[in-house]
Structures are given as structure tokens and as C-alpha cells.
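Structure data follow from structure22.cif (mmCIF, C-alpha atoms and all ligand atoms):
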```cif
data_start
loop_
_atom_site.label_atom_id
_atom_site.label_comp_id
_atom_site.auth_asym_id
_atom_site.auth_seq_id
_atom_site.Cartn_x
_atom_site.Cartn_y
_atom_site.Cartn_z
CA MET L 12 188.89 77.09 119.78
CA LEU L 13 187.34 78.60 122.91
CA ALA L 14 188.09 82.17 123.91
CA VAL L 15 186.52 84.78 126.12
CA LYS L 16 187.51 88.40 126.00
CA ASN L 17 187.07 91.12 128.58
CA LEU L 18 184.70 89.02 130.65
CA HIS L 19 183.03 90.91 133.50
CA LYS L 20 180.85 89.62 136.30
CA LYS L 21 179.56 91.23 139.46
CA PHE L 22 177.49 89.78 142.27
CA GLY L 23 175.83 92.88 143.69
CA SER L 24 178.71 95.26 144.26
CA ASN L 25 181.24 92.41 144.39
CA GLU L 26 183.23 92.51 141.17
CA VAL L 27 184.22 88.88 140.73
CA LEU L 28 185.58 88.90 137.18
CA LYS L 29 187.38 92.09 136.21
CA GLY L 30 187.85 91.73 132.49
CA ILE L 31 189.18 88.22 131.95
CA ASP L 32 190.84 87.25 128.67
CA PHE L 33 191.09 83.51 128.48
CA GLN L 34 191.57 81.09 125.65
CA ILE L 35 192.28 77.48 124.95
CA ASP L 36 193.30 75.83 121.70
CA LYS L 37 192.35 72.40 120.48
CA GLY L 38 194.30 69.70 122.31
CA GLU L 39 195.48 71.99 125.07
CA VAL L 40 195.14 71.27 128.77
CA VAL L 41 194.95 74.53 130.69
CA ALA L 42 195.13 74.48 134.48
CA VAL L 43 193.47 77.41 136.24
CA ILE L 44 194.86 77.94 139.71
CA GLY L 45 194.48 80.59 142.37
CA PRO L 46 193.32 81.18 145.92
CA SER L 47 189.80 80.48 147.05
CA GLY L 48 187.43 83.28 146.07
CA SER L 49 189.54 84.47 143.13
CA GLY L 50 186.73 83.82 140.62
CA LYS L 51 187.77 80.50 139.08
CA THR L 52 184.39 78.81 139.44
CA THR L 53 182.59 81.94 138.26
CA LEU L 54 184.82 82.00 135.18
CA LEU L 55 183.85 78.42 134.29
CA ARG L 56 180.20 79.12 135.06
CA CYS L 57 180.16 82.18 132.82
CA ILE L 58 181.92 80.31 130.02
CA SER L 59 179.32 77.55 130.26
CA PHE L 60 176.38 79.99 130.75
CA LEU L 61 175.39 78.56 134.12
CA GLU L 62 175.93 82.16 135.16
CA LYS L 63 175.20 85.18 133.02
CA ALA L 64 178.25 87.39 132.50
CA ASP L 65 177.66 91.15 132.64
CA ALA L 66 179.83 91.82 129.61
CA GLY L 67 182.39 90.19 127.39
CA GLU L 68 182.75 88.24 124.20
CA ILE L 69 182.98 84.54 123.58
CA THR L 70 184.34 82.71 120.57
CA PHE L 71 183.63 79.03 120.24
CA GLU L 72 184.32 76.85 117.24
CA ASP L 73 184.95 79.90 115.05
CA LEU L 74 181.68 81.60 115.96
CA HIS L 75 181.75 84.86 117.81
CA TYR L 76 179.17 86.18 120.30
CA ASP L 77 178.64 89.17 122.56
CA MET L 78 177.74 87.94 126.06
CA ARG L 79 175.22 90.74 126.52
CA ASN L 80 172.95 89.83 123.64
CA ILE L 81 173.59 86.17 123.05
CA THR L 82 170.46 84.13 122.31
CA GLN L 83 169.25 81.00 124.07
CA ARG L 84 169.77 79.17 120.82
CA ASP L 85 173.43 80.20 120.66
CA ILE L 86 173.86 79.24 124.31
CA ARG L 87 172.44 75.80 123.62
CA ARG L 88 174.74 75.38 120.66
CA ILE L 89 177.80 76.35 122.68
CA ARG L 90 176.85 74.17 125.64
CA PHE L 91 176.33 71.26 123.28
CA GLY L 92 180.05 71.37 122.52
CA MET L 93 181.10 71.44 126.16
CA GLY L 94 181.43 68.78 128.82
CA PHE L 95 181.39 69.48 132.54
CA VAL L 96 182.88 67.75 135.52
CA PHE L 97 182.33 69.54 138.79
CA GLN L 98 183.38 69.02 142.35
CA GLY L 99 180.18 67.37 143.52
CA PHE L 100 179.88 64.57 140.89
CA ASN L 101 176.20 65.45 140.25
CA LEU L 102 175.20 61.98 139.15
CA PHE L 103 171.53 61.04 139.05
CA ARG L 104 171.05 59.01 142.24
CA ASN L 105 168.24 56.90 140.79
CA MET L 106 170.28 55.71 137.82
CA THR L 107 173.15 53.25 137.57
CA ALA L 108 176.58 54.27 136.33
CA MET L 109 175.51 53.00 132.91
CA GLY L 110 172.23 54.93 133.07
CA ASN L 111 174.05 58.11 133.99
CA VAL L 112 176.42 57.85 131.04
CA MET L 113 173.60 56.93 128.64
CA GLU L 114 171.12 59.58 129.77
CA GLY L 115 172.47 62.59 127.86
CA LEU L 116 173.18 60.49 124.79
CA VAL L 117 169.60 59.30 124.58
CA THR L 118 167.74 62.45 125.67
CA ALA L 119 169.90 65.34 124.42
CA ARG L 120 171.72 63.74 121.50
CA LYS L 121 168.82 61.49 120.42
CA ILE L 122 171.12 58.53 119.94
CA PRO L 123 169.32 55.18 119.70
CA LYS L 124 169.43 53.20 122.92
CA ALA L 125 171.56 50.33 121.64
CA ALA L 126 174.21 52.65 120.24
CA ALA L 127 174.15 54.76 123.42
CA GLU L 128 174.67 51.63 125.48
CA GLU L 129 177.64 50.64 123.39
CA THR L 130 179.19 54.10 123.78
CA ALA L 131 178.50 54.04 127.51
CA TRP L 132 180.31 50.70 127.88
CA GLU L 133 183.27 52.02 125.97
CA MET L 134 183.45 55.16 128.12
CA LEU L 135 183.07 53.26 131.38
CA ARG L 136 185.87 50.97 130.22
CA LYS L 137 188.01 54.00 129.52
CA VAL L 138 187.67 55.25 133.09
CA GLY L 139 188.08 51.75 134.53
CA MET L 140 184.47 51.46 135.69
CA GLU L 141 183.06 48.78 133.40
CA ASN L 142 182.83 46.32 136.29
CA ARG L 143 180.64 48.78 138.23
CA ALA L 144 178.36 49.65 135.33
CA HIS L 145 175.23 48.49 137.11
CA TYR L 146 175.99 50.09 140.48
CA TYR L 147 174.10 53.12 141.74
CA PRO L 148 176.03 56.22 142.83
CA ASP L 149 175.44 55.44 146.51
CA GLN L 150 177.19 52.11 146.01
CA LEU L 151 180.30 53.80 144.62
CA SER L 152 183.15 55.65 146.28
CA GLY L 153 183.59 59.36 145.56
CA GLY L 154 186.47 58.59 143.22
CA GLN L 155 184.39 56.04 141.34
CA GLN L 156 181.47 58.46 141.08
CA GLN L 157 183.76 61.12 139.69
CA ARG L 158 185.11 58.66 137.12
CA VAL L 159 181.53 57.95 136.05
CA ALA L 160 180.97 61.71 135.79
CA ILE L 161 184.01 61.90 133.52
CA ALA L 162 182.72 58.99 131.44
CA ARG L 163 179.42 60.82 131.09
CA ALA L 164 181.21 63.98 129.93
CA ILE L 165 183.45 62.28 127.35
CA ALA L 166 180.57 60.16 126.03
CA GLN L 167 179.06 63.33 124.57
CA ASP L 168 182.26 63.82 122.56
CA PRO L 169 182.53 67.52 123.48
CA GLN L 170 185.01 69.94 121.93
CA VAL L 171 186.22 70.91 125.38
CA ILE L 172 185.67 69.63 128.91
CA LEU L 173 185.55 72.04 131.84
CA PHE L 174 186.62 70.61 135.20
CA ASP L 175 186.00 72.52 138.43
CA GLU L 176 188.15 71.08 141.20
CA PRO L 177 187.22 67.53 140.26
CA THR L 178 189.16 66.01 143.16
CA SER L 179 188.69 68.49 145.96
CA ALA L 180 185.68 66.71 147.49
CA LEU L 181 187.58 63.42 147.57
CA ASP L 182 189.58 61.77 150.29
CA PRO L 183 193.26 62.04 149.40
CA GLU L 184 193.58 58.33 148.64
CA LEU L 185 190.87 58.63 145.98
CA THR L 186 192.22 61.63 144.10
CA GLY L 187 194.89 59.58 142.32
CA GLU L 188 192.48 57.38 140.40
CA VAL L 189 190.61 60.43 139.11
CA LEU L 190 193.77 62.31 138.19
CA ASP L 191 195.05 59.21 136.39
CA VAL L 192 191.94 59.19 134.20
CA MET L 193 192.42 62.89 133.49
CA ARG L 194 196.09 62.37 132.61
CA LYS L 195 195.04 59.68 130.19
CA LEU L 196 192.52 62.00 128.54
CA ALA L 197 195.17 64.72 128.35
CA LYS L 198 197.57 62.33 126.60
CA GLU L 199 194.87 61.46 124.10
CA GLY L 200 194.61 65.11 123.16
CA THR L 201 191.34 65.95 124.92
CA THR L 202 190.92 69.71 125.22
CA MET L 203 190.47 70.47 128.92
CA VAL L 204 190.19 73.45 131.22
CA VAL L 205 190.96 72.26 134.73
CA VAL L 206 190.46 74.39 137.82
CA THR L 207 192.56 72.60 140.38
CA HIS L 208 194.56 72.74 143.58
CA GLU L 209 196.58 69.75 142.43
CA MET L 210 199.85 71.42 141.59
CA ARG L 211 201.48 68.20 140.49
CA PHE L 212 198.73 67.63 137.98
CA ALA L 213 199.15 71.20 136.73
CA MET L 214 202.91 70.67 136.39
CA GLU L 215 202.76 67.32 134.69
CA ALA L 216 199.55 67.24 132.68
CA ALA L 217 198.77 70.84 131.81
CA SER L 218 200.31 72.48 128.80
CA ARG L 219 199.59 75.94 130.17
CA VAL L 220 198.80 77.40 133.57
CA VAL L 221 196.65 80.43 134.33
CA PHE L 222 196.96 82.00 137.76
CA MET L 223 193.97 84.05 138.94
CA GLU L 224 193.68 86.30 141.93
CA GLY L 225 191.01 88.80 142.89
CA GLY L 226 189.05 88.42 139.67
CA SER L 227 191.99 88.98 137.34
CA ILE L 228 194.54 86.83 135.60
CA VAL L 229 197.83 87.66 137.24
CA GLU L 230 200.05 85.45 135.14
CA GLU L 231 199.87 82.72 132.56
CA ALA L 232 202.58 80.69 130.91
CA ALA L 233 203.50 77.30 129.57
CA SER L 234 203.40 74.92 132.49
CA ALA L 235 207.14 74.28 132.75
CA ALA L 236 207.99 77.98 132.58
CA PHE L 237 205.21 78.89 134.98
CA PHE L 238 206.50 76.66 137.74
CA SER L 239 210.23 76.98 137.15
CA ASN L 240 210.28 80.70 136.52
CA PRO L 241 207.18 82.58 137.70
CA ARG L 242 207.47 86.24 136.77
CA GLU L 243 205.07 87.88 139.23
CA GLU L 244 205.75 88.23 142.93
CA ARG L 245 202.11 87.33 143.67
CA THR L 246 202.53 84.09 141.74
CA ARG L 247 205.69 83.25 143.64
CA GLN L 248 203.91 83.87 146.94
CA PHE L 249 201.02 81.64 145.93
CA LEU L 250 203.33 78.85 144.81
CA ARG L 251 205.38 79.04 148.02
CA ARG L 252 202.20 78.63 150.03
CA THR L 253 200.74 75.90 147.86
CA ILE L 254 203.50 73.65 146.65
CA THR L 255 204.64 71.05 149.09
CA ASP L 256 207.77 68.95 148.97
CA TYR L 257 205.53 66.11 147.91
CA ASP L 258 204.70 67.91 144.68
CA TYR L 259 208.40 68.10 143.88
CA SER L 260 209.15 64.55 144.87
CA ILE L 261 208.64 63.09 141.40
N1 LIG C 1 176.11 82.98 143.28
C1 LIG C 1 176.85 83.88 143.91
N2 LIG C 1 176.29 84.94 144.54
C2 LIG C 1 177.05 85.86 145.16
N3 LIG C 1 178.39 85.83 145.23
C3 LIG C 1 179.01 84.80 144.64
C4 LIG C 1 178.28 83.78 143.95
N4 LIG C 1 179.17 82.89 143.45
C5 LIG C 1 180.39 83.33 143.81
N5 LIG C 1 180.30 84.48 144.52
C6 LIG C 1 181.44 85.25 145.03
O1 LIG C 1 182.33 85.46 143.97
C7 LIG C 1 183.68 85.39 144.42
C8 LIG C 1 184.44 84.38 143.60
O2 LIG C 1 183.90 83.10 143.88
P1 LIG C 1 184.31 81.81 143.05
O3 LIG C 1 184.17 82.08 141.61
O4 LIG C 1 183.55 80.68 143.61
O5 LIG C 1 185.87 81.68 143.41
P2 LIG C 1 186.81 80.40 143.39
O6 LIG C 1 186.16 79.34 142.58
O7 LIG C 1 188.09 80.91 142.82
O8 LIG C 1 187.00 80.00 144.82
C9 LIG C 1 183.62 85.11 145.90
O9 LIG C 1 183.75 86.32 146.58
C10 LIG C 1 182.23 84.53 146.08
O10 LIG C 1 181.76 84.79 147.37
MG MG C 2 185.66 77.39 143.04
#
```

Would you mind writing the structure in this file as C-alpha cells?
Amino acid sequence: MLAVKNLHKKFGSNEVLKGIDFQIDKGEVVAVIGPSGSGKTTLLRCISFLEKADAGEITFEDLHYDMRNITQRDIRRIRFGMGFVFQGFNLFRNMTAMGNVMEGLVTARKIPKAAAEETAWEMLRKVGMENRAHYYPDQLSGGQQQRVAIARAIAQDPQVILFDEPTSALDPELTGEVLDVMRKLAKEGTTMVVVTHEMRFAMEAASRVVFMEGGSIVEEAASAAFFSNPREERTRQFLRRTITDYDYSI
């Protein structure tokens, strides 16, 4: 459904992506994990063309492109099929929760206002935010803002949603409500790429786990196999450092 092949990206002389092959099928939830600085955000940004890759190929919805000579039109088409939820919520401060969810529907998708409003209600209900629909971002907790950001993403009905550490800016007591919404989406068959430090989420909700380090994919496997039987020593080291007893407690 979405695949990149041999993706390369340098910042100056810093080679950040060293030929990444990554793919996700419809209905899959892929967790991307790895130490800070390993290139996870850059991977998502190159896939979503917020950053221009130096080389590589991308396949999306059966269409195939070379990253080096892709047109703006192709980029727009690809981005149209993607939803994004990033660490910093990125809601419009001058719009209510409702306004934020409606905005893209009305401006980008040209959906009539009444229909957009109906969709926005439905999406806010889905993330448990319908009773805050008329609140502004500043009146919402970080967890609530992130749930609105998720509602905004799913309202566009994208083929795939890319999450970049959606809970890492949140106080620990607020991460649960966001992860619960993501688990629900996963159960419904939403195709999701999730960069995360939440190992429990990766264990329980992801179908597959990709471990990155130093700009390369070190190991990837079905979630259960990845955690119960990691093949690479570097993966085992990372998991020893990262997984706490708490993660194993359920
Ligand atoms: N816009 C940028 N300009 C220069 N260097 C960058 C930029 N974005 C990321 N980097 C560098 O790329 C490397 C990978 O960063 P990043 O993709 O953010 O890793 P991760 O998300 O895994 O923590 C780091 O060394 C980082 O400093
Ligand atoms: Mg990052």
C-alpha cells in the first residue's frame, strides 16, 4: 500500500537515512522504534514530503515514483492520502476543536460546511471529545489536544496515518487516553505507522515492529516475535534499556 525503497537522506555531511526499505500494507499497524537521533522522524518526513529525500523510490496506492524527480502534483496526490499526527499537536490556536477538525475538510477537500460539521462531530465523538467541541486548544489538556489532532487526521479518511511520537510531549497520566484512541483505531483496521517510545503499545497494538538505529533498519518482525525473540544483539540491547517491568506487567 505504502512502500519506500532505498531511501537516502543527508543533512550536510550527516547521513541520516542510509538506504531505508520500509513498507506497510493496508490494515497494518507498524511501530517504528529506535534511539533518539536514529532517523525515525526524518523517515516519516521524507515519506510525507515535508523533507526532500536525496534518493529512493516510493509506491503509494499502486503508483510508483522516483523521489528525485517526483512532481509537485504527485506529491500533493500522495499527501492527500496521508494523515499526520505529530508530537506537538499543531492545532490552530484561533479555532475550536470543531473548527480544527472541519478546516481541512472544507478548504482542502471542498466538502460543504454542513457535511463537514457532521463528519467533525462524528470524529470528535470517536476520540471522546464531543463534549469539548467548542473549546479552543488553550482550554484543553495536551491529551485532549492530541485527541483532536487525531480526529482531524481521521476526518480526512486517509489511506494511512503517520504518527510521530504522539504521546511523548504529554504528561504520563495523559498518554493513556491518547493510546486508547490509537488502539481503537488499530482495532478498526486503520493503517498506521507509529513512531513511538511506548513499548507496551508496540507490543499490544502493532502488528509489526521496525527497529532503526543510525539511519538503518536493524531488525523488523511481527510484533510478538520481535519482542519475544529479537534476533540482533543491538535490538536486544535496546530492548533491555527501554523495556521496564511496567511494560511486562500486563
Ligand atoms: N532539519 C535538520 N537539519 C539538520 N539535521 C537534522 C535535521 N533534522 C534531523 N537532523 C539530524 O538527523 C538525525 C536524525 O534525526 P531524527 O530523524 O529527528 O531522529 P529521531 O526521530 O530518530 O530522533 C539527527 O542526527 C538529527 O540531528
Ligand atoms: Mg523523532

All residues having an atom within 10 Å of ligand LIG 1 (chain C) (all atoms listed in the file) as a ChimeraX atom specification: /L:20-28,43-57,62,175-176,206-207,223-226

Can you list, as a ChimeraX atom specification, every protein, DNA or RNA residue that comes within 12 Å of Ala119 in chain L when you count only C-alpha atoms, leaving out same-chain residues fewer than 6 positions away? /L:87-88,90-92,112-113,127,166-167

Selection: 12 Å around Phe103 in chain L, all atoms listed in the file, excl. self and same-chain fewer than 4 positions, as a ChimeraX atom specification: /L:99,107-115,146-149,156,159-160,163

Long-range neighbours of Val204 in chain L as number ranges by chain, 8 Å cut-off, only C-alpha atoms, 4 positions minimum in chain: L: 35, 40-43, 171-174

Which polymer residues, whether protein, DNA or RNA, lie within 12 Å of the coordinate (182.1, 50.8, 125.4) when you count only C-alpha atoms? List them as number ranges by chain, using the chain letters and numbers from the file. L: 109, 112-113, 125-142, 144, 162-163, 165-166

Can you pull out every residue within 10 Å of Asp36 in chain L, counting all atoms listed in the file, but drop anything in the same chain fewer than 5 positions away, and send it as a list in words?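 Near Asp36 in chain L, the qualifying residues are Met12, Leu13, Ala14, Val41, Val171, Thr202 and Met203 of chain L.
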
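Distance-wise, CA of Ala64 in chain L and CA of Met78 in chain L end up 6.5 Å apart.
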
Name the residues in contact with Phe212 in chain L at a cut-off of 12 Å, using only C-alpha atoms, excluding same-chain residues fewer than 3 positions from it; report them as an MDAnalysis selection string. chainID L and resid 40:44 176:178 186:187 189:195 197 205:209 215:220 234:235 238 254 258:259 261

Pairwise distance for CA of Asp77 in chain L and CA of Phe222 in chain L, rounded to one decimal in Å: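 About the pair CA of Asp77 in chain L and CA of Phe222 in chain L: they are 24.9 Å apart.
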
Between L:Ile69, L:Met106, L:Leu61, L:Ala233, which is the closest to Phe33 in chain L once you count all atoms listed in the file?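 Checking each candidate against Phe33 in chain L, we get L:Ile69 as the closest.
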
Between L:Asn101, L:Asn80, L:Ser179, L:Gln248, which one has atoms that come closest to ligand MG 2 (chain C), using all atoms listed in the file? L:Ser179
